[in-house]
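One structure is given here, and the rest of the page talks about it.
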Number of protein chains: 2
Amino acid sequence: MNFLKTKSAYLDTGVWANKAMKEAKGFGETICVASSKDKNYTYIPKGYVIPSDADYFHITTNNTIYGTEIRYDMDSPVSLIADMSSDFLSRPTDISKYDMVYGGAQKNIGPAGATFVLIKESFLSKIATETRHIPTMFNYKTHIENDSMFNTPPVMPIFTIKETLKWLKSIGGLKKMEAMNIEKAGILYNAIDSSSIFVGTAEAESRSLMNICFVLKPEYTEKENDFLDLCKAKGMSGLKGHRSVGGFRASTYNALPMESVLALVEAMKEFEKSL
Amino acid sequence: MNFLKTKSAYLDTGVWANKAMKEAKGFGETICVASSKDKNYTYIPKGYVIPSDADYFHITTNNTIYGTEIRYDMDSPVSLIADMSSDFLSRPTDISKYDMVYGGAQKNIGPAGATFVLIKESFLSKIATETRHIPTMFNYKTHIENDSMFNTPPVMPIFTIKETLKWLKSIGGLKKMEAMNIEKAGILYNAIDSSSIFVGTAEAESRSLMNICFVLKPEYTEKENDFLDLCKAKGMSGLKGHRSVGGFRASTYNALPMESVLALVEAMKEFEKSL
């Protein structure tokens with residue numbers, strides 16, 4: 001609504017990327033430069049061409065449902081916009097590559113009820129007010145000019161975000177956070193890869209550090225609920241995979257401690273032995 | 001954005017009413033049926049005519065800055081939409097008179113970060129999707145069809161709202177709440193009217209039960225800060241009136257206890273004696 005003038009470009013890496021593209025279509029021409037829908041979004045497409053006449057190129061950096069992630073800051077011939085809802089602040093980011101980064105707070109930075117938007121000043125001048133009517137509340141400029149207080153700010157979520165950012169700084173910042181995330185995810189992916197009954201769903205080089213998706217090998221699929229029951233008995237919940245992928249999904253956001261990862265690995269080994 | 005097809009009608013009772021009207025103008029013809037701007041919004045207009053061909057008539061029931069309130073549920077020849085941000089749940093409301101009621105939570109029902117929208121089912125079918133493109137997120141139908149969980153709900157504000165509603169029920173519901181609000185505001189308005197130095201700014205029959213605005217009589221105006229200092233010394237804050245009205249504003253929302261009202265009245269008397 002703010003930046004589509006004549007043409008936009010989108011990378012289709014799953015449900016959330018698709019929803020963003022669908023909304024853009026309501027405002028103008030939208031090009032899907034590449035999609036991994038052919039393999040149920042289990043990989044991040046490569047080798048695509050971004051149209052040089054697009055107003056912007058939109059990516060969704062982490063795909064929660066499929067456990068894939070764009071863990072690099074790409075070069076784009078046009079303005080790059082990234083929905084970083086589910087991996088913002090999980091690693092140091094070369095923010096200079098992006099014209100806009102946005103997302104919901106509720107994964108790594110705080111509770112639901114707040115959002116974050118970062119816009120380059122040069123990009124802000126490109127808001128499409130001459131192309132369409134943008135209501136005051138939905139124009140990014142409004143919020144920047146009013147120091148994010150055009151509306152009454154949601155104090156409780158914002159306070160919690162402040163405390164989370166203090167914690168992030170206290171442990172050593174984003175470099176340390178990334179190292180911790182790599183370690184946590186690595187232990188879990190190792191456990192999956194060295195298991196004789198579990199198998200990861202995302203292609204190795206597209207794997208997310210935030211959402212680790214895995215299933216039981218076909219011959220054990222009927223035991224899915226048994227594993228979930230075992231986890232539940234050990235106090236682990238939310239491990240059921242999204243219905244479009246099946247199996248299991250372990251979310252290893254910044255706040256998840258190593259202990260939780262180790263407990264899940266232990267449960268996986270115990271379950272394997274019991275079969 | 002959702003309901004303006006050919007023509008809308010607005011009652012201009014202050015800054016918030018004006019902002020709503022300004023946003024509507026971006027979507028189509030907007031008629032201002034009456035305004036109290038001539039007297040700095042110190043009264044609620046009467047005797048105006050609502051165009052019978054308007055898609056809706058929009059009112060702002062309580063005007064925080066000027067201390068005026070529409071404390072009755074009016075009849076309207078067209079669909080009635082009310083912004084009840086600052087007096088929702090302050091009194092029993094004949095909800096059948098309204099096609100839509102909406103507002104921010106942060107006055108009577110909970111902390112900032114949540115909003116409420118009530119829409120009659122018959123009105124919902126009138127959403128202007130054939131007149132303009134409405135993004136999914138901004139179409140009221142989306143939220144109703146998704147049980148208010150199209151976006152990740154702001155859990156902390158919603159939980160606090162639940163607790164507030166339980167409290168409201170426990171004290172005796174809206175009838176009791178209204179009686180308490182009438183009593184609180186009555187004591188304060190009486191203190192103003194019987195004072196020789198203070199005077200209310202809103203016309204008597206338009207007075208709000210939520211925001212009580214008053215000033216010092218012209219001969220005492222220079223003492224304004226002295227009164228604020230006295231209040232501050234007694235632990236009372238937020239009493240400075242909005243810059244467009246001046247003087248003082250006591251907000252007596254549902255949550256304000258009678259003790260606070262009595263403390264302010266006491267301070268007013270003490271200040272009067274000291275002059």
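Lettering and numbering for the structure tokens are positional, with chains as A, B, ... in the shown order, residues counted from 1 in each chain, and ligands counted from 1 in the shown order.
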Which residues are close to Ser90 in chain B, i.e. within 7 Å by only C-alpha atoms, leaving aside same-chain residues fewer than 4 positions away? Reply as number ranges by chain. B: 174, 177-178, 254
Taking only C-alpha atoms into account, find every residue of chain A that has an atom no more than 12 Å from chain B, and write it out as a VMD selection string. chain A and resid 1 16 19 to 28 85 103 to 107 110 to 115 129 132 to 138 149 to 160
Selection: 12 Å around Asp94 in chain A, only C-alpha atoms, excl. self and same-chain fewer than 4 positions, as a ChimeraX atom specification: /A:71-75,88-89,98-99,101,174
Taking the backbone alone, and naming residues the way the document does, which bits of range 82-196 of chain A are helix (DSSP H, G or I) by DSSP, as a count of residues only? 53
Taking into account only C-alpha atoms, which residue in the set B:Ser86, B:Ser148, B:Ser251, B:Ser36 is nearest to Thr61 in chain B? B:Ser86
Residue contacts of Met180 in chain A (12 Å, only C-alpha atoms) excluding same-chain residues fewer than 6 positions away, as a PyMOL selection string: chain A and resi 90-91+168+171-174+186-187+209-210+252-258+261
Residues within 12 Å of range 264-271 of chain A, please, as a PyMOL selection string. Count only C-alpha atoms; anything in the same chain fewer than 2 positions from it doesn't count. chain A and resi 184-199+212+214-216+220+223-239+248-252+256-262+273-275
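Pairwise distance (CA of Glu203 in chain A, CA of Asp83 in chain A) equals 21.4 Å.
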I need the residue nearest Ser244 in chain B from this list: B:Ser79, B:Asn146, B:Asn40, B:Ser52. Use only C-alpha atoms for the distance. B:Asn40
Run DSSP on the backbone and give me the residues of range 181-242 of chain A it puts in strand (DSSP E or B), as a PyMOL selection string. chain A and resi 198-200+207+211-216+240
Restricting the output to N, CA, C and O atoms, write the selected residues as a PDB file, in the first residue's frame.
ATOM      1  N   PHE A 198      14.000 -40.646  12.618  1.00  0.00           N
ATOM      2  CA  PHE A 198      13.571 -39.282  12.280  1.00  0.00           C
ATOM      3  C   PHE A 198      14.281 -38.791  11.026  1.00  0.00           C
ATOM      4  O   PHE A 198      15.400 -39.227  10.729  1.00  0.00           O
ATOM      5  N   VAL A 199      13.641 -37.885  10.321  1.00  0.00           N
ATOM      6  CA  VAL A 199      14.282 -37.277   9.160  1.00  0.00           C
ATOM      7  C   VAL A 199      13.818 -35.819   9.022  1.00  0.00           C
ATOM      8  O   VAL A 199      12.640 -35.508   9.265  1.00  0.00           O
ATOM      9  N   GLY A 200      14.740 -34.927   8.698  1.00  0.00           N
ATOM     10  CA  GLY A 200      14.409 -33.506   8.534  1.00  0.00           C
ATOM     11  C   GLY A 200      13.624 -33.281   7.253  1.00  0.00           C
ATOM     12  O   GLY A 200      13.790 -34.022   6.289  1.00  0.00           O
ATOM     13  N   ARG A 207      17.991 -24.845   5.774  1.00  0.00           N
ATOM     14  CA  ARG A 207      17.457 -25.067   7.119  1.00  0.00           C
ATOM     15  C   ARG A 207      17.426 -23.808   7.981  1.00  0.00           C
ATOM     16  O   ARG A 207      18.382 -23.035   8.011  1.00  0.00           O
ATOM     17  N   ASN A 211      13.046 -22.671  13.372  1.00  0.00           N
ATOM     18  CA  ASN A 211      12.003 -23.703  13.369  1.00  0.00           C
ATOM     19  C   ASN A 211      12.577 -24.954  12.732  1.00  0.00           C
ATOM     20  O   ASN A 211      12.957 -24.937  11.570  1.00  0.00           O
ATOM     21  N   ILE A 212      12.645 -25.995  13.521  1.00  0.00           N
ATOM     22  CA  ILE A 212      13.282 -27.226  13.051  1.00  0.00           C
ATOM     23  C   ILE A 212      12.199 -28.273  12.825  1.00  0.00           C
ATOM     24  O   ILE A 212      11.548 -28.734  13.770  1.00  0.00           O
ATOM     25  N   CYS A 213      11.977 -28.552  11.537  1.00  0.00           N
ATOM     26  CA  CYS A 213      10.872 -29.445  11.167  1.00  0.00           C
ATOM     27  C   CYS A 213      11.391 -30.832  10.837  1.00  0.00           C
ATOM     28  O   CYS A 213      12.351 -30.978  10.075  1.00  0.00           O
ATOM     29  N   PHE A 214      10.760 -31.849  11.396  1.00  0.00           N
ATOM     30  CA  PHE A 214      11.172 -33.216  11.106  1.00  0.00           C
ATOM     31  C   PHE A 214       9.984 -34.157  11.219  1.00  0.00           C
ATOM     32  O   PHE A 214       8.970 -33.831  11.848  1.00  0.00           O
ATOM     33  N   VAL A 215      10.131 -35.305  10.568  1.00  0.00           N
ATOM     34  CA  VAL A 215       9.043 -36.303  10.575  1.00  0.00           C
ATOM     35  C   VAL A 215       9.619 -37.668  10.925  1.00  0.00           C
ATOM     36  O   VAL A 215      10.837 -37.845  10.964  1.00  0.00           O
ATOM     37  N   LEU A 216       8.738 -38.609  11.145  1.00  0.00           N
ATOM     38  CA  LEU A 216       9.189 -39.994  11.319  1.00  0.00           C
ATOM     39  C   LEU A 216       9.313 -40.601   9.925  1.00  0.00           C
ATOM     40  O   LEU A 216       8.557 -40.250   9.011  1.00  0.00           O
ATOM     41  N   LYS A 240       3.896 -30.399  17.720  1.00  0.00           N
ATOM     42  CA  LYS A 240       3.214 -30.926  16.542  1.00  0.00           C
ATOM     43  C   LYS A 240       3.488 -30.027  15.339  1.00  0.00           C
ATOM     44  O   LYS A 240       3.398 -28.800  15.424  1.00  0.00           O
TER      45      LYS A 240
END
